[in-house]
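Peer 1: What follows is input_0.cif; its format and atoms are mmCIF, C-alpha atoms.
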data_target
#
loop_
_atom_site.group_PDB
_atom_site.id
_atom_site.type_symbol
_atom_site.label_atom_id
_atom_site.label_comp_id
_atom_site.auth_asym_id
_atom_site.auth_seq_id
_atom_site.Cartn_x
_atom_site.Cartn_y
_atom_site.Cartn_z
ATOM 1 C CA MET A 1 35.917 -19.771 -2.015
ATOM 2 C CA ASP A 2 37.215 -20.757 -5.442
ATOM 3 C CA SER A 3 36.490 -17.840 -7.770
ATOM 4 C CA GLY A 4 35.689 -20.218 -10.658
ATOM 5 C CA VAL A 5 32.869 -21.740 -8.638
ATOM 6 C CA GLU A 6 31.565 -18.313 -7.580
ATOM 7 C CA GLU A 7 31.471 -17.141 -11.209
ATOM 8 C CA ALA A 8 29.221 -20.076 -11.997
ATOM 9 C CA VAL A 9 26.426 -18.672 -9.788
ATOM 10 C CA VAL A 10 23.612 -16.374 -10.891
ATOM 11 C CA ARG A 11 21.573 -14.483 -8.300
ATOM 12 C CA LYS A 12 18.404 -12.522 -9.029
ATOM 13 C CA SER A 13 15.602 -11.206 -6.843
ATOM 14 C CA VAL A 14 12.238 -9.521 -7.069
ATOM 15 C CA ARG A 15 9.871 -8.048 -4.489
ATOM 16 C CA VAL A 16 6.206 -8.870 -5.027
ATOM 17 C CA LYS A 17 3.099 -7.336 -3.482
ATOM 18 C CA ALA A 18 1.743 -10.595 -2.147
ATOM 19 C CA SER A 19 1.796 -12.622 1.028
ATOM 20 C CA ILE A 20 4.570 -15.179 1.347
ATOM 21 C CA ASP A 21 2.019 -17.999 1.016
ATOM 22 C CA ARG A 22 0.573 -16.598 -2.198
ATOM 23 C CA ALA A 23 4.026 -15.785 -3.610
ATOM 24 C CA PHE A 24 5.194 -19.366 -3.019
ATOM 25 C CA HIS A 25 1.938 -20.893 -4.308
ATOM 26 C CA VAL A 26 2.009 -18.937 -7.589
ATOM 27 C CA PHE A 27 5.678 -19.716 -8.118
ATOM 28 C CA VAL A 28 5.491 -23.482 -7.659
ATOM 29 C CA GLU A 29 1.858 -24.359 -8.444
ATOM 30 C CA GLN A 30 0.973 -21.918 -11.212
ATOM 31 C CA MET A 31 4.216 -21.718 -13.162
ATOM 32 C CA GLU A 32 2.356 -21.964 -16.474
ATOM 33 C CA THR A 33 0.734 -18.564 -15.721
ATOM 34 C CA TRP A 34 4.075 -16.732 -15.815
ATOM 35 C CA TRP A 35 6.820 -18.911 -17.351
ATOM 36 C CA PRO A 36 7.543 -17.740 -20.938
ATOM 37 C CA LYS A 37 5.995 -20.063 -23.537
ATOM 38 C CA SER A 38 9.153 -19.661 -25.632
ATOM 39 C CA HIS A 39 11.202 -21.353 -22.904
ATOM 40 C CA HIS A 40 10.524 -25.017 -23.574
ATOM 41 C CA ILE A 41 12.651 -27.996 -24.506
ATOM 42 C CA GLY A 42 9.920 -30.401 -25.569
ATOM 43 C CA ALA A 43 9.149 -30.893 -29.247
ATOM 44 C CA LYS A 44 5.953 -28.844 -28.902
ATOM 45 C CA GLU A 45 5.078 -25.777 -26.815
ATOM 46 C CA TRP A 46 4.075 -26.747 -23.286
ATOM 47 C CA GLU A 47 0.575 -26.433 -21.851
ATOM 48 C CA LEU A 48 1.556 -27.105 -18.234
ATOM 49 C CA VAL A 49 4.660 -26.717 -16.103
ATOM 50 C CA VAL A 50 4.498 -29.053 -13.125
ATOM 51 C CA ILE A 51 6.487 -29.216 -9.911
ATOM 52 C CA GLU A 52 5.577 -32.242 -7.816
ATOM 53 C CA PRO A 53 5.448 -30.807 -4.257
ATOM 54 C CA ARG A 54 7.864 -33.083 -2.404
ATOM 55 C CA VAL A 55 11.552 -33.941 -2.171
ATOM 56 C CA GLY A 56 12.269 -36.207 -5.126
ATOM 57 C CA GLY A 57 9.310 -34.823 -7.094
ATOM 58 C CA ARG A 58 9.658 -34.099 -10.791
ATOM 59 C CA TRP A 59 9.808 -30.674 -12.445
ATOM 60 C CA TYR A 60 8.585 -31.005 -16.022
ATOM 61 C CA GLU A 61 6.668 -29.512 -18.914
ATOM 62 C CA GLN A 62 3.694 -31.177 -20.605
ATOM 63 C CA ASP A 63 2.368 -30.388 -24.070
ATOM 64 C CA ALA A 64 -1.240 -30.450 -25.292
ATOM 65 C CA ALA A 65 -0.934 -34.124 -26.318
ATOM 66 C CA GLY A 66 0.175 -35.070 -22.797
ATOM 67 C CA ARG A 67 3.833 -35.641 -23.691
ATOM 68 C CA GLN A 68 6.105 -34.780 -20.797
ATOM 69 C CA CYS A 69 9.644 -33.443 -20.851
ATOM 70 C CA ASP A 70 11.630 -33.337 -17.618
ATOM 71 C CA TRP A 71 13.442 -30.199 -16.471
ATOM 72 C CA GLY A 72 14.682 -31.462 -13.117
ATOM 73 C CA SER A 73 13.671 -32.636 -9.671
ATOM 74 C CA VAL A 74 12.930 -31.271 -6.200
ATOM 75 C CA LEU A 75 15.897 -31.355 -3.802
ATOM 76 C CA HIS A 76 14.399 -29.370 -0.908
ATOM 77 C CA TRP A 77 10.762 -28.482 -0.143
ATOM 78 C CA ASP A 78 9.921 -26.047 2.672
ATOM 79 C CA PRO A 79 6.721 -24.130 1.815
ATOM 80 C CA PRO A 80 6.308 -21.201 1.891
ATOM 81 C CA HIS A 81 9.960 -20.327 2.557
ATOM 82 C CA GLN A 82 12.149 -22.254 0.178
ATOM 83 C CA ALA A 83 12.400 -24.770 -2.639
ATOM 84 C CA ARG A 84 15.515 -26.082 -4.354
ATOM 85 C CA PHE A 85 15.576 -27.955 -7.622
ATOM 86 C CA ARG A 86 18.060 -29.950 -9.645
ATOM 87 C CA TRP A 87 18.203 -28.320 -13.116
ATOM 88 C CA HIS A 88 18.935 -30.760 -15.944
ATOM 89 C CA VAL A 89 18.375 -28.290 -18.786
ATOM 90 C CA GLY A 90 21.155 -26.887 -20.910
ATOM 91 C CA PRO A 91 22.859 -27.089 -24.256
ATOM 92 C CA LYS A 92 23.140 -30.674 -25.432
ATOM 93 C CA ARG A 93 26.685 -31.970 -25.674
ATOM 94 C CA ASP A 94 28.394 -30.695 -28.814
ATOM 95 C CA SER A 95 25.262 -28.751 -29.828
ATOM 96 C CA GLU A 96 23.622 -25.335 -29.565
ATOM 97 C CA GLU A 97 20.239 -27.053 -29.089
ATOM 98 C CA TRP A 98 18.938 -27.177 -25.520
ATOM 99 C CA GLY A 99 17.514 -30.251 -23.892
ATOM 100 C CA TYR A 100 17.292 -32.480 -20.856
ATOM 101 C CA ASP A 101 20.437 -34.244 -19.641
ATOM 102 C CA PRO A 102 19.617 -37.032 -17.137
ATOM 103 C CA ASP A 103 23.212 -37.123 -15.827
ATOM 104 C CA ILE A 104 22.978 -35.920 -12.201
ATOM 105 C CA SER A 105 26.665 -34.984 -12.197
ATOM 106 C CA ARG A 106 25.933 -32.438 -14.970
ATOM 107 C CA ALA A 107 22.880 -30.853 -13.294
ATOM 108 C CA SER A 108 23.001 -27.406 -11.714
ATOM 109 C CA GLU A 109 20.701 -26.250 -8.904
ATOM 110 C CA VAL A 110 18.019 -23.559 -8.678
ATOM 111 C CA GLU A 111 17.050 -22.370 -5.199
ATOM 112 C CA ILE A 112 14.136 -20.030 -4.525
ATOM 113 C CA ARG A 113 13.788 -18.308 -1.134
ATOM 114 C CA PHE A 114 10.704 -16.368 -0.013
ATOM 115 C CA THR A 115 10.923 -13.803 2.804
ATOM 116 C CA ALA A 116 7.866 -11.918 4.118
ATOM 117 C CA GLU A 117 8.441 -8.137 4.237
ATOM 118 C CA ASP A 118 5.606 -6.005 5.630
ATOM 119 C CA GLY A 119 2.847 -6.815 3.137
ATOM 120 C CA ALA A 120 5.229 -7.933 0.400
ATOM 121 C CA THR A 121 7.533 -10.867 -0.260
ATOM 122 C CA LEU A 122 11.155 -10.832 -1.308
ATOM 123 C CA VAL A 123 11.770 -13.664 -3.778
ATOM 124 C CA GLU A 124 15.435 -14.576 -4.209
ATOM 125 C CA LEU A 125 16.642 -16.963 -6.885
ATOM 126 C CA GLU A 126 20.092 -18.536 -6.953
ATOM 127 C CA HIS A 127 21.155 -20.708 -9.877
ATOM 128 C CA SER A 128 24.341 -22.434 -8.753
ATOM 129 C CA LYS A 129 26.709 -25.245 -9.636
ATOM 130 C CA LEU A 130 26.610 -24.230 -13.288
ATOM 131 C CA GLU A 131 30.148 -25.549 -13.664
ATOM 132 C CA ARG A 132 28.600 -29.040 -13.574
ATOM 133 C CA HIS A 133 27.302 -28.457 -17.096
ATOM 134 C CA GLY A 134 30.911 -28.829 -18.247
ATOM 135 C CA ILE A 135 32.589 -27.029 -21.107
ATOM 136 C CA GLY A 136 30.670 -23.880 -21.868
ATOM 137 C CA ALA A 137 29.516 -23.385 -18.263
ATOM 138 C CA GLU A 138 30.761 -19.772 -18.281
ATOM 139 C CA LYS A 139 28.741 -19.101 -21.445
ATOM 140 C CA LEU A 140 25.730 -20.707 -19.767
ATOM 141 C CA ARG A 141 26.245 -18.520 -16.676
ATOM 142 C CA ALA A 142 26.372 -15.441 -18.905
ATOM 143 C CA ILE A 143 23.123 -16.502 -20.606
ATOM 144 C CA PHE A 144 21.320 -17.028 -17.268
ATOM 145 C CA ASP A 145 22.688 -13.729 -15.935
ATOM 146 C CA SER A 146 21.547 -11.754 -18.984
ATOM 147 C CA PRO A 147 18.408 -9.568 -18.834
ATOM 148 C CA GLY A 148 16.455 -11.976 -21.086
ATOM 149 C CA ALA A 149 16.793 -14.990 -18.788
ATOM 150 C CA TRP A 150 16.109 -15.246 -15.020
ATOM 151 C CA GLU A 151 15.641 -11.488 -14.717
ATOM 152 C CA GLU A 152 12.899 -11.472 -17.359
ATOM 153 C CA ILE A 153 11.341 -14.652 -15.963
ATOM 154 C CA LEU A 154 11.142 -13.178 -12.447
ATOM 155 C CA ALA A 155 9.685 -9.942 -13.856
ATOM 156 C CA SER A 156 6.990 -11.990 -15.604
ATOM 157 C CA TYR A 157 6.297 -13.835 -12.347
ATOM 158 C CA ALA A 158 6.050 -10.514 -10.444
ATOM 159 C CA ARG A 159 3.597 -9.103 -13.006
ATOM 160 C CA VAL A 160 1.341 -12.154 -12.718
ATOM 161 C CA VAL A 161 1.413 -12.156 -8.889
ATOM 162 C CA GLY A 162 0.566 -8.432 -8.936
ATOM 163 C CA GLU A 163 -2.321 -8.934 -11.373
ATOM 164 C CA MET A 164 -3.869 -11.872 -9.559
ATOM 165 C CA THR A 165 -6.666 -11.322 -7.107
ATOM 166 C CA VAL A 166 -6.925 -13.096 -3.816
#
Could you write out this file's structure as structure tokens?
Peer 2:
Amino acid sequence: MDSGVEEAVVRKSVRVKASIDRAFHVFVEQMETWWPKSHHIGAKEWELVVIEPRVGGRWYEQDAAGRQCDWGSVLHWDPPHQARFRWHVGPKRDSEEWGYDPDISRASEVEIRFTAEDGATLVELEHSKLERHGIGAEKLRAIFDSPGAWEEILASYARVVGEMTV
């Protein structure tokens, strides 16, 4: 495998005390309960984060006024085991500001796998094809691999799943 491509992959995982069905459901249907409010690209803070549950479905944020801002789309949908998304979010060309880029050739992919483990669920996240974001992809990989990005987001998810009652 080309080492440049491998470097453009971020892998994180978390084990949650929840059934695989509940772990999947909270991840894809209740994202607004655990996704950090600071992580938005719309003009205003989001109220909802929506994943349309089907291949080709949209992944987007919606603010209190109903304005929507796309994040990506669903590439693979296999509840409760796996979902894969096209990720269109990153630094805008020639800018430090983040936003949505509709160019499919510049979109990376986020895959989430759920594996039942004796009363718990292993949740594995792989953010790949970051090189598609172009110049600065290594910086982007470093950002996503840092403790304040996917690691923190998965920790927030795990806290919410652990606090929720059946």
Peer 1: Neighbourhood query: residues within 9 Å of (5.5, -34.2, -26.4), file coordinates, counting only C-alpha atoms; return as an mmCIF file with C-alpha atoms, keeping the file's coordinate frame.
Peer 2:
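Output (point02.cif):
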data_model
loop_
_atom_site.group_PDB
_atom_site.id
_atom_site.type_symbol
_atom_site.label_atom_id
_atom_site.label_comp_id
_atom_site.auth_asym_id
_atom_site.auth_seq_id
_atom_site.Cartn_x
_atom_site.Cartn_y
_atom_site.Cartn_z
ATOM 1 C CA GLY A 42 9.920 -30.401 -25.569
ATOM 2 C CA ALA A 43 9.149 -30.893 -29.247
ATOM 3 C CA LYS A 44 5.953 -28.844 -28.902
ATOM 4 C CA GLU A 45 5.078 -25.777 -26.815
ATOM 5 C CA TRP A 46 4.075 -26.747 -23.286
ATOM 6 C CA GLU A 61 6.668 -29.512 -18.914
ATOM 7 C CA GLN A 62 3.694 -31.177 -20.605
ATOM 8 C CA ASP A 63 2.368 -30.388 -24.070
ATOM 9 C CA ALA A 64 -1.240 -30.450 -25.292
ATOM 10 C CA ALA A 65 -0.934 -34.124 -26.318
ATOM 11 C CA GLY A 66 0.175 -35.070 -22.797
ATOM 12 C CA ARG A 67 3.833 -35.641 -23.691
ATOM 13 C CA GLN A 68 6.105 -34.780 -20.797
ATOM 14 C CA CYS A 69 9.644 -33.443 -20.851
#
Peer 1: Would you please work out which residue, of A:Ile135, A:Val9, A:Met31, A:Ala107, is nearest to A:Ile153 when using only C-alpha atoms?
Peer 2: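 Selected residue with least distance to A:Ile153: A:Met31.
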Peer 1: Would you give me, as a Markdown table, each residue of stretch 78-151 of chain A having an atom within 10 Å of an atom of stretch 14-20 of chain A, along with its shortest atom pair and that distance in Å to one decimal, using all atoms listed in the file and sorting by chain and residue number?
Peer 2:
| residue | atom | partner | partner_atom | distance |
| --- | --- | --- | --- | --- |
| A:Pro79 | CA | A:Ile20 | CA | 9.2 |
| A:Pro80 | CA | A:Ile20 | CA | 6.3 |
| A:His81 | CA | A:Ile20 | CA | 7.6 |
| A:Phe114 | CA | A:Ile20 | CA | 6.4 |
| A:Thr115 | CA | A:Ile20 | CA | 6.7 |
| A:Ala116 | CA | A:Ile20 | CA | 5.4 |
| A:Glu117 | CA | A:Ile20 | CA | 8.5 |
| A:Asp118 | CA | A:Ser19 | CA | 8.9 |
| A:Gly119 | CA | A:Ser19 | CA | 6.3 |
| A:Ala120 | CA | A:Lys17 | CA | 4.5 |
| A:Thr121 | CA | A:Val16 | CA | 5.3 |
| A:Leu122 | CA | A:Arg15 | CA | 4.4 |
| A:Val123 | CA | A:Val14 | CA | 5.3 |
| A:Glu124 | CA | A:Val14 | CA | 6.6 |
| A:Leu125 | CA | A:Val14 | CA | 8.6 |
| A:Glu151 | CA | A:Val14 | CA | 8.6 |
Peer 1: First collect every listed atom of stretch 111-114 of chain A; then fit an axis-aligned box around them, widen it by 5 Å on each side, and give centre and edge lengths in Å to one decimal, as JSON.
Peer 2:
{"center_x": 13.9, "center_y": -19.4, "center_z": -2.6, "size_x": 16.3, "size_y": 16.0, "size_z": 15.2}
Peer 1: Mind pulling up the distance from atom CA of A:Pro102 to atom CA of A:Ala8?
Peer 2: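 Atom CA of A:Pro102 lies at a distance of 20.2 Å from atom CA of A:Ala8.
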